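Dumped coords31.cif below, it's mmCIF, C-alpha atoms and all ligand atoms:
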```cif
data_model
#
loop_
_atom_site.label_atom_id
_atom_site.label_comp_id
_atom_site.auth_asym_id
_atom_site.auth_seq_id
_atom_site.Cartn_x
_atom_site.Cartn_y
_atom_site.Cartn_z
CA MET A 29 0.00 0.00 0.00
CA SER A 30 1.25 3.48 -0.77
CA ASP A 31 0.35 6.94 0.48
CA VAL A 32 0.29 10.27 -1.28
CA VAL A 33 1.70 13.20 0.70
CA ILE A 34 2.02 16.85 -0.24
CA ILE A 35 5.40 18.55 0.08
CA LYS A 36 5.05 21.47 2.54
CA GLU A 37 8.55 22.86 2.36
CA VAL A 38 11.84 22.33 0.57
CA VAL A 39 15.07 23.26 2.38
CA ASP A 40 18.49 23.53 0.70
CA GLU A 41 20.97 21.71 2.97
CA CYS A 42 23.97 22.26 0.67
CA TYR A 43 24.76 22.52 -3.05
CA ASP A 44 23.57 18.95 -3.85
CA THR A 45 21.25 18.03 -0.97
CA LYS A 46 17.67 19.11 -0.18
CA THR A 47 15.19 18.28 2.58
CA PHE A 48 11.52 17.76 1.71
CA ARG A 49 9.00 18.16 4.56
CA PHE A 50 5.48 16.75 4.48
CA ASP A 51 2.69 15.67 6.82
CA TRP A 52 2.22 11.92 7.03
CA ASP A 53 0.17 10.03 9.61
CA ALA A 54 2.53 7.12 10.10
CA ASP A 55 4.34 5.82 13.18
CA ALA A 56 7.97 6.07 12.18
CA ARG A 57 11.01 5.27 14.30
CA PRO A 58 14.53 6.76 14.01
CA GLY A 59 16.53 4.75 11.47
CA GLN A 60 13.57 3.64 9.36
CA PHE A 61 13.18 4.49 5.67
CA ILE A 62 10.51 4.89 3.02
CA MET A 63 10.30 4.02 -0.67
CA VAL A 64 9.73 7.11 -2.82
CA TRP A 65 8.17 6.68 -6.25
CA VAL A 66 9.66 8.88 -8.95
CA PRO A 67 7.23 8.69 -11.90
CA GLY A 68 8.74 7.21 -15.06
CA ILE A 69 12.13 6.66 -13.44
CA ASP A 70 12.33 4.46 -10.35
CA GLU A 71 11.22 3.87 -6.81
CA ILE A 72 14.07 4.48 -4.35
CA PRO A 73 14.75 4.11 -0.61
CA MET A 74 15.15 7.27 1.49
CA SER A 75 15.80 7.45 5.21
CA ILE A 76 13.31 9.41 7.26
CA SER A 77 15.38 12.47 8.24
CA GLY A 78 12.83 14.17 10.48
CA ILE A 79 10.03 12.92 12.73
CA ASP A 80 8.02 15.62 14.49
CA GLY A 81 4.53 14.30 15.18
CA ARG A 82 2.72 14.20 11.85
CA GLU A 83 5.53 16.08 10.13
CA LYS A 84 8.18 13.91 8.50
CA SER A 85 10.97 14.65 6.08
CA ILE A 86 13.44 13.07 3.70
CA THR A 87 16.82 14.52 2.77
CA VAL A 88 17.98 13.76 -0.75
CA LYS A 89 21.46 13.99 -2.28
CA ALA A 90 21.24 14.37 -6.08
CA ILE A 91 23.48 11.68 -7.58
CA GLY A 92 21.48 10.08 -10.42
CA ASP A 93 18.22 10.17 -12.39
CA ALA A 94 15.77 9.53 -9.55
CA THR A 95 17.38 11.76 -6.95
CA ARG A 96 17.86 14.58 -9.49
CA ALA A 97 14.17 14.29 -10.42
CA ILE A 98 13.17 14.57 -6.74
CA HIS A 99 15.23 17.77 -6.56
CA GLY A 100 12.84 19.20 -9.15
CA PHE A 101 9.88 18.82 -6.76
CA VAL A 102 8.61 21.99 -5.05
CA ALA A 103 6.20 22.80 -2.21
CA GLY A 104 2.68 21.75 -3.20
CA ASP A 105 3.86 18.78 -5.31
CA ARG A 106 2.70 15.28 -4.40
CA LEU A 107 4.96 12.42 -3.38
CA ARG A 108 3.87 8.80 -3.52
CA ILE A 109 5.56 6.88 -0.76
CA ARG A 110 5.50 3.43 0.89
CA GLY A 111 6.62 2.53 4.39
CA PRO A 112 7.93 3.07 6.95
CA PHE A 113 10.27 0.11 6.46
CA GLY A 114 13.16 -1.41 8.37
CA ASN A 115 13.96 -1.99 12.01
CA GLY A 116 15.41 1.38 13.08
CA PHE A 117 17.91 2.08 15.87
CA ASP A 118 17.60 0.76 19.43
CA LEU A 119 18.09 3.98 21.40
CA SER A 120 17.90 2.32 24.82
CA LYS A 121 21.59 1.33 24.91
CA GLY A 122 22.80 3.88 27.49
CA GLU A 123 25.16 6.73 26.58
CA LEU A 124 25.20 7.02 22.78
CA LEU A 125 27.67 8.62 20.39
CA ILE A 126 25.85 9.20 17.10
CA ILE A 127 27.77 9.60 13.82
CA GLY A 128 26.46 10.74 10.44
CA GLY A 129 28.81 10.75 7.44
CA GLY A 130 27.84 12.55 4.21
CA VAL A 131 24.14 12.19 3.45
CA GLY A 132 24.11 9.48 6.16
CA ALA A 133 23.67 12.40 8.57
CA ALA A 134 20.03 12.46 7.43
CA ALA A 135 19.41 8.92 8.67
CA VAL A 136 20.71 9.61 12.19
CA MET A 137 19.02 12.99 12.64
CA PRO A 138 15.81 11.60 14.25
CA ALA A 139 17.99 9.58 16.67
CA ILE A 140 19.86 12.76 17.67
CA ALA A 141 16.57 14.64 18.01
CA GLN A 142 15.00 11.95 20.17
CA THR A 143 17.96 11.39 22.52
CA GLY A 144 19.93 14.67 22.51
CA ALA A 145 23.01 12.42 22.42
CA ASP A 146 26.52 13.61 21.51
CA ALA A 147 26.99 13.63 17.75
CA ILE A 148 29.63 13.78 15.02
CA ILE A 149 28.70 15.11 11.59
CA ALA A 150 31.38 14.24 9.05
CA ALA A 151 31.80 15.35 5.45
CA ARG A 152 34.41 15.70 2.72
CA SER A 153 34.62 19.46 3.16
CA GLU A 154 32.78 22.44 4.64
CA ARG A 155 30.49 22.68 1.62
CA ASP A 156 29.28 19.10 2.14
CA VAL A 157 28.31 19.44 5.82
CA ILE A 158 24.54 19.01 6.24
CA MET A 159 21.98 19.35 9.04
CA ASP A 160 24.49 20.42 11.70
CA SER A 161 22.16 23.21 12.85
CA VAL A 162 19.31 20.69 13.28
CA ALA A 163 21.62 18.46 15.34
CA SER A 164 22.88 21.41 17.42
CA SER A 165 19.32 22.46 18.25
CA ARG A 166 18.79 19.06 19.94
CA SER A 167 22.22 18.08 21.27
CA LYS A 168 24.70 20.01 23.45
CA ASN A 169 27.72 18.37 21.85
CA VAL A 170 27.84 18.30 18.08
CA TRP A 171 31.30 18.03 16.50
CA ILE A 172 32.07 18.52 12.82
CA ALA A 173 34.82 16.61 11.01
CA THR A 174 35.93 17.37 7.46
CA ASP A 175 38.42 15.31 5.43
CA ASP A 176 40.16 18.45 4.15
CA GLY A 177 40.02 20.33 7.46
CA SER A 178 37.98 23.20 6.00
CA ARG A 179 35.65 23.03 9.03
CA GLY A 180 35.97 21.54 12.50
CA PHE A 181 38.23 18.56 13.13
CA HIS A 182 40.72 17.88 10.32
CA GLY A 183 40.20 14.18 9.60
CA ASN A 184 37.52 11.57 9.22
CA ALA A 185 34.62 10.54 11.44
CA VAL A 186 36.42 7.51 12.86
CA GLN A 187 39.53 9.48 13.87
CA LEU A 188 37.31 11.99 15.68
CA MET A 189 35.27 9.20 17.25
CA LYS A 190 38.46 7.71 18.75
CA GLU A 191 39.34 11.11 20.27
CA ARG A 192 35.86 11.56 21.80
CA VAL A 193 35.81 8.02 23.21
CA ARG A 194 39.13 8.71 24.96
CA GLU A 195 37.54 11.66 26.77
CA LYS A 196 34.12 10.30 27.73
CA HIS A 197 32.50 6.95 28.34
CA TYR A 198 29.96 5.81 25.75
CA ASP A 199 27.97 2.57 25.76
CA CYS A 200 27.13 2.40 22.08
CA VAL A 201 28.03 4.07 18.77
CA VAL A 202 25.17 4.64 16.32
CA ALA A 203 26.17 5.49 12.74
CA CYS A 204 25.15 5.87 9.11
CA GLY A 205 27.39 6.88 6.23
CA PRO A 206 29.51 5.53 3.39
CA GLU A 207 30.34 1.84 3.85
CA VAL A 208 34.08 2.52 4.20
CA MET A 209 33.29 4.80 7.17
CA LEU A 210 30.99 2.18 8.69
CA TRP A 211 33.58 -0.57 8.23
CA PHE A 212 36.29 1.42 10.06
CA THR A 213 33.75 2.48 12.73
CA PHE A 214 32.99 -1.20 13.28
CA LYS A 215 36.70 -2.11 13.48
CA ALA A 216 37.42 0.76 15.91
CA CYS A 217 34.47 -0.25 18.12
CA GLN A 218 35.74 -3.84 18.18
CA GLU A 219 39.19 -2.63 19.30
CA LEU A 220 37.68 -0.33 21.93
CA GLY A 221 35.24 -2.97 23.18
CA LEU A 222 32.31 -0.69 22.29
CA GLU A 223 28.94 -1.85 21.01
CA CYS A 224 27.73 -0.32 17.74
CA GLN A 225 24.62 -0.11 15.59
CA LEU A 226 25.25 0.73 11.94
CA SER A 227 22.74 1.49 9.20
CA LEU A 228 23.74 -0.22 5.94
CA GLU A 229 22.81 0.69 2.37
CA ARG A 230 22.24 -1.79 -0.43
CA TYR A 231 20.44 -1.67 -3.78
CA MET A 232 16.79 -2.55 -3.14
CA LYS A 233 13.61 -2.76 -5.18
CA CYS A 234 10.68 -3.64 -2.95
CA GLY A 235 11.84 -2.39 0.45
CA ALA A 236 9.60 -4.93 2.12
CA GLY A 237 11.69 -8.12 2.19
CA VAL A 238 10.12 -9.82 -0.85
CA CYS A 239 12.39 -9.31 -3.88
CA GLY A 240 15.67 -10.51 -2.36
CA CYS A 241 17.82 -7.82 -4.07
CA CYS A 242 19.38 -6.67 -0.82
CA VAL A 243 20.08 -10.06 0.74
CA MET A 244 23.40 -10.32 2.59
CA ASP A 245 24.13 -13.78 3.98
CA ASP A 246 20.95 -14.70 5.92
CA SER A 247 19.63 -11.13 6.19
CA ARG A 248 17.59 -8.77 4.05
CA ILE A 249 18.92 -5.24 4.50
CA CYS A 250 15.44 -3.77 3.97
CA ARG A 251 13.56 -6.03 6.39
CA ASP A 252 16.06 -7.36 8.95
CA GLY A 253 18.03 -4.06 8.79
CA PRO A 254 19.02 -1.54 7.64
CA VAL A 255 20.38 -1.27 11.20
CA PHE A 256 22.62 -4.09 12.46
CA ASP A 257 24.39 -4.43 15.80
CA SER A 258 28.01 -5.44 16.39
CA GLU A 259 27.23 -9.09 16.87
CA LYS A 260 25.25 -9.35 13.62
CA LEU A 261 27.75 -7.22 11.66
CA SER A 262 30.56 -9.59 12.59
CA ARG A 263 28.66 -12.36 10.74
CA LEU A 264 27.82 -10.40 7.54
CA THR A 265 30.52 -11.60 5.14
CA GLU A 266 29.89 -8.89 2.50
CA PHE A 267 29.93 -6.00 4.97
CA GLY A 268 32.81 -3.68 3.98
CA VAL A 269 33.76 -6.01 1.13
CA ALA A 270 31.20 -5.90 -1.70
CA LYS A 271 27.69 -4.91 -2.72
CA ARG A 272 25.48 -5.88 -5.65
CA ASP A 273 24.31 -3.48 -8.38
CA GLU A 274 20.86 -3.34 -9.98
CA CYS A 275 21.73 -6.36 -12.20
CA GLY A 276 22.96 -8.42 -9.26
CA ARG A 277 26.63 -8.01 -10.26
CA THR A 278 29.13 -7.90 -7.41
CA VAL A 279 30.85 -4.53 -6.94
CA LYS A 280 33.84 -4.66 -4.59
CA PHE A 281 34.50 -1.88 -2.08
CA ARG A 282 38.18 -2.85 -1.77
C1 LIG T 301 17.91 2.15 3.39
C2 LIG T 301 18.44 3.25 2.50
C3 LIG T 301 18.31 4.57 2.90
C4 LIG T 301 18.78 5.60 2.08
N1 LIG T 301 18.63 6.89 2.49
C5 LIG T 301 19.06 7.90 1.71
C6 LIG T 301 18.87 9.26 2.12
O1 LIG T 301 18.37 9.55 3.21
N2 LIG T 301 19.27 10.22 1.27
C7 LIG T 301 19.86 9.95 0.06
O2 LIG T 301 20.17 10.89 -0.68
N3 LIG T 301 20.06 8.67 -0.35
C8 LIG T 301 19.65 7.66 0.44
N4 LIG T 301 19.82 6.36 0.02
C9 LIG T 301 20.48 6.12 -1.27
C10 LIG T 301 19.51 6.34 -2.41
O3 LIG T 301 18.45 5.43 -2.35
C11 LIG T 301 20.28 6.20 -3.74
O4 LIG T 301 21.24 7.22 -3.77
C12 LIG T 301 19.35 6.35 -4.90
O5 LIG T 301 18.62 5.16 -5.03
C13 LIG T 301 20.08 6.66 -6.18
O6 LIG T 301 19.12 6.73 -7.20
P1 LIG T 301 19.41 7.56 -8.54
O7 LIG T 301 18.48 7.05 -9.60
O8 LIG T 301 19.37 9.02 -8.26
O9 LIG T 301 20.90 7.21 -8.89
P2 LIG T 301 21.42 5.93 -9.71
O10 LIG T 301 21.15 6.18 -11.15
O11 LIG T 301 20.91 4.69 -9.09
O12 LIG T 301 22.98 6.08 -9.43
C14 LIG T 301 23.72 7.05 -10.18
C15 LIG T 301 25.19 6.82 -10.02
O13 LIG T 301 25.59 7.12 -8.66
C16 LIG T 301 26.24 6.02 -8.08
N5 LIG T 301 25.83 5.97 -6.69
C17 LIG T 301 24.85 5.22 -6.16
N6 LIG T 301 24.75 5.46 -4.85
C18 LIG T 301 25.69 6.39 -4.55
C19 LIG T 301 26.07 7.07 -3.38
N7 LIG T 301 25.47 6.83 -2.23
N8 LIG T 301 27.05 8.01 -3.45
C20 LIG T 301 27.68 8.27 -4.63
N9 LIG T 301 27.36 7.64 -5.78
C21 LIG T 301 26.39 6.72 -5.74
C22 LIG T 301 25.76 4.80 -8.84
O14 LIG T 301 26.75 3.79 -8.78
C23 LIG T 301 25.58 5.36 -10.24
O15 LIG T 301 26.80 5.37 -10.93
C24 LIG T 301 19.39 5.30 0.83
C25 LIG T 301 19.53 3.96 0.43
C26 LIG T 301 19.08 2.95 1.26
C27 LIG T 301 19.22 1.52 0.82
#
```

Once more with this new file: its structure as C-alpha cells, please.
Ligand SMILES: Cc1cc2nc3c(=O)[nH]c(=O)nc-3n(C[C@H](O)[C@H](O)[C@H](O)COP(=O)(O)OP(=O)(O)OC[C@H]3O[C@@H](n4cnc5c(N)ncnc54)[C@H](O)[C@@H]3O)c2cc1C
Amino acid sequence: MSDVVIIKEVVDECYDTKTFRFDWDADARPGQFIMVWVPGIDEIPMSISGIDGREKSITVKAIGDATRAIHGFVAGDRLRIRGPFGNGFDLSKGELLIIGGGVGAAAVMPAIAQTGADAIIAARSERDVIMDSVASSRSKNVWIATDDGSRGFHGNAVQLMKERVREKHYDCVVACGPEVMLWFTFKACQELGLECQLSLERYMKCGAGVCGCCVMDDSRICRDGPVFDSEKLSRLTEFGVAKRDECGRTVKFR
C-alpha cells in the first residue's frame, strides 16, 4: 500500500542536498526508511530524516536520475511513498555517540533529536556538511569533522570518534554513512570494546523483504536491517567487502 503526501517545504541543505518536509500520519522510528516513487524513473529508498509528530521529512542527495528528479519537486507537489520500512535504531543502549557521514547524517538525525546524544557530523569538506544546525538544536555536543580540514576537526569521522571516546564513556556508537566509514567504525568499536549499531545501504527494489535484491548472507537489509548491531555485523561476510548493483553483479569496495 502506498500513500500520497504533499510537500510542505523544501530546504536547501547544501549545493547537492535538499530536505523535503510533508505531513504523514505514520508511526515512524529513528533509522527507518521509506520508498519514494519517482514517476517514469524508479522507486528508491530514502531514510526518514525528520520525525516531528505528523511532520516527517526526507533529505535527498542528487546523484542520479531519480534523486535529481526529486530535486525538481517543489512545495505543493505530491509524493507517492511506501513505508515506513526497516527496524530502526535501538536507542535504549545507554550513553550514545551518534555519527552521520555525508548524506548518512540524514538517517541519524531523528535519533539525535530523540535522545539529545553527543553527535559527530562528518563530510568531505565544509560545503558538504549538512543538518548540523538541526543536530545542534537538539544536542549540546555536536562536533564537525571534514576530510580536508575546512571546518571543524581535520580528519575523518572515525579518527574523531576515537578522540571523543578517549575523553568520555559511551555505551554504544550509532552510525550511518559511506560503507568505508561504517567498516572502520565497526573495526574501531571492536578494538575499543564498544557496542555499535550501523545502518547499511544496499540496492533494493521492494523495500519490504520480498524481492531478495538486498540479501546479505541470511539477512535482508530492507527487512532485517538496515540497522545491524556489532554481533550481527561480525557475521555479515559482504559488509565492507562488496555490494550488488541493480543487475545483481558484485561490486567490490576494496
Ligand atoms: C535504506 C536506504 C536509505 C537511504 N537513504 C538515503 C537518504 O536519506 N538520502 C539519500 O540521498 N540517499 C539515500 N539512500 C540512497 C539512495 O536510495 C540512492 O542514492 C538512490 O537510489 C540513487 O538513485 P538515482 O536514480 O538518483 O541514482 P542511480 O542512477 O541509481 O545512481 C547514479 C550513479 O551514482 C552512483 N551511486 C549510487 N549510490 C551512490 C552514493 N550513495 N554516493 C555516490 N554515488 C552513488 C551509482 O553507482 C551510479 O553510478 C538510501 C539507500 C538505502 C538503501

Neighbour list for segment 79-85 of chain A as a CSV table (one decimal) with C-alpha atoms, keeping the file's coordinate frame, cut-off 12 Å, only C-alpha atoms, skip fewer than 2 positions in-chain:
```
chain,number,residue,atom,x,y,z
A,33,VAL,CA,1.7,13.2,0.7
A,34,ILE,CA,2.0,16.8,-0.2
A,35,ILE,CA,5.4,18.6,0.1
A,36,LYS,CA,5.0,21.5,2.5
A,37,GLU,CA,8.6,22.9,2.4
A,38,VAL,CA,11.8,22.3,0.6
A,39,VAL,CA,15.1,23.3,2.4
A,46,LYS,CA,17.7,19.1,-0.2
A,47,THR,CA,15.2,18.3,2.6
A,48,PHE,CA,11.5,17.8,1.7
A,49,ARG,CA,9.0,18.2,4.6
A,50,PHE,CA,5.5,16.8,4.5
A,51,ASP,CA,2.7,15.7,6.8
A,52,TRP,CA,2.2,11.9,7.0
A,53,ASP,CA,0.2,10.0,9.6
A,54,ALA,CA,2.5,7.1,10.1
A,55,ASP,CA,4.3,5.8,13.2
A,56,ALA,CA,8.0,6.1,12.2
A,57,ARG,CA,11.0,5.3,14.3
A,58,PRO,CA,14.5,6.8,14.0
A,59,GLY,CA,16.5,4.8,11.5
A,60,GLN,CA,13.6,3.6,9.4
A,61,PHE,CA,13.2,4.5,5.7
A,62,ILE,CA,10.5,4.9,3.0
A,64,VAL,CA,9.7,7.1,-2.8
A,74,MET,CA,15.2,7.3,1.5
A,75,SER,CA,15.8,7.4,5.2
A,76,ILE,CA,13.3,9.4,7.3
A,77,SER,CA,15.4,12.5,8.2
A,87,THR,CA,16.8,14.5,2.8
A,88,VAL,CA,18.0,13.8,-0.8
A,107,LEU,CA,5.0,12.4,-3.4
A,109,ILE,CA,5.6,6.9,-0.8
A,112,PRO,CA,7.9,3.1,7.0
A,134,ALA,CA,20.0,12.5,7.4
A,135,ALA,CA,19.4,8.9,8.7
A,136,VAL,CA,20.7,9.6,12.2
A,137,MET,CA,19.0,13.0,12.6
A,138,PRO,CA,15.8,11.6,14.2
A,139,ALA,CA,18.0,9.6,16.7
A,140,ILE,CA,19.9,12.8,17.7
A,141,ALA,CA,16.6,14.6,18.0
A,142,GLN,CA,15.0,12.0,20.2
```

>> Taking all atoms listed in the file into account, which residues have an atom no farther than 9 Å from ligand LIG 301 (chain T)? I'd like them as number ranges by chain.
In response: A: 45-46, 59-64, 69-77, 86-98, 113-114, 130-135, 205-206, 227-232, 235, 242, 249-250, 253-255, 273-274

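Every protein, DNA or RNA residue with an atom at most 12 Å from Phe281 of chain A, where only C-alpha atoms count and chain neighbours fewer than 5 positions away do not, is listed here: A:Pro206, A:Glu207, A:Val208, A:Met209, A:Trp211, A:Glu266, A:Phe267, A:Gly268, A:Val269, A:Ala270, A:Lys271, A:Arg272.
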
> So, counting all atoms listed in the file, which residue among A:Arg106, A:Lys196, A:Arg277, A:Lys190 is closest to Phe212 of chain A?
Replying inline: A:Lys190

Please, which residues in segment 71-149 of chain A fall within 12 Å of segment 216-222 of chain A when counting only C-alpha atoms, and what is the closest atom pair and distance in Å to one decimal for each, ordered by chain then residue number, as JSON lines?
```
{"residue": "A:Lys121", "atom": "CA", "partner": "A:Leu222", "partner_atom": "CA", "distance": 11.2}
{"residue": "A:Gly122", "atom": "CA", "partner": "A:Leu222", "partner_atom": "CA", "distance": 11.8}
{"residue": "A:Glu123", "atom": "CA", "partner": "A:Leu222", "partner_atom": "CA", "distance": 11.2}
{"residue": "A:Leu124", "atom": "CA", "partner": "A:Leu222", "partner_atom": "CA", "distance": 10.5}
{"residue": "A:Leu125", "atom": "CA", "partner": "A:Leu222", "partner_atom": "CA", "distance": 10.6}
```

Print the selection's residues with C-alpha atoms to a file, as an mmCIF file, in the coordinates of the input.
```cif
data_model
loop_
_atom_site.group_PDB
_atom_site.id
_atom_site.type_symbol
_atom_site.label_atom_id
_atom_site.label_comp_id
_atom_site.auth_asym_id
_atom_site.auth_seq_id
_atom_site.Cartn_x
_atom_site.Cartn_y
_atom_site.Cartn_z
ATOM 1 C CA LYS A 121 21.590 1.330 24.910
ATOM 2 C CA GLY A 122 22.800 3.880 27.490
ATOM 3 C CA GLU A 123 25.160 6.730 26.580
ATOM 4 C CA LEU A 124 25.200 7.020 22.780
ATOM 5 C CA LEU A 125 27.670 8.620 20.390
#
```

> So how many Å separate atom CA of Glu154 of chain A and atom CA of Cys200 of chain A, to one decimal?
Replying inline: 27.2 Å

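Between Ser120 of chain A and the residues A:Leu261, A:Val202, A:Ile148, A:Ala236, the shortest atom-to-atom distance, using all atoms listed in the file, involves A:Val202.
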
>> To one decimal place in Å, what is the distance between atom CA of Val157 of chain A and atom CA of Arg179 of chain A?
In response: 8.8 Å

> Any idea what the distance is between atom CA of Glu223 of chain A and atom CA of Lys260 of chain A?
Replying inline: 11.2 Å

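Distance annotation: of A:Ala173, A:Leu119, A:Cys224, A:Met29, the residue with the minimal separation from Arg155 of chain A is A:Ala173; atom set is all atoms listed in the file.
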
> Smallest atom-to-atom distance to Asp146 of chain A: which of A:Asp199, A:Asp245, A:Asp31, A:Asp252, using only C-alpha atoms?
Replying inline: A:Asp199

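Distances from A:Val186, A:Asp118, A:Gly128, A:Thr143 to Asp160 of chain A were compared using all atoms listed in the file, and the smallest one belongs to A:Gly128.
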
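If you measure from each of A:Ile158, A:Val170, A:Phe256, A:Lys280 to Glu41 of chain A using all atoms listed in the file, the closest one turns out to be A:Ile158.
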
> Can you tell me, as a PyMOL selection string, what residues are no more than 7 Å from Asn184 of chain A when counting only C-alpha atoms, ignoring any on the same chain fewer than 6 positions away?
Replying inline: chain A and resi 150+173-175
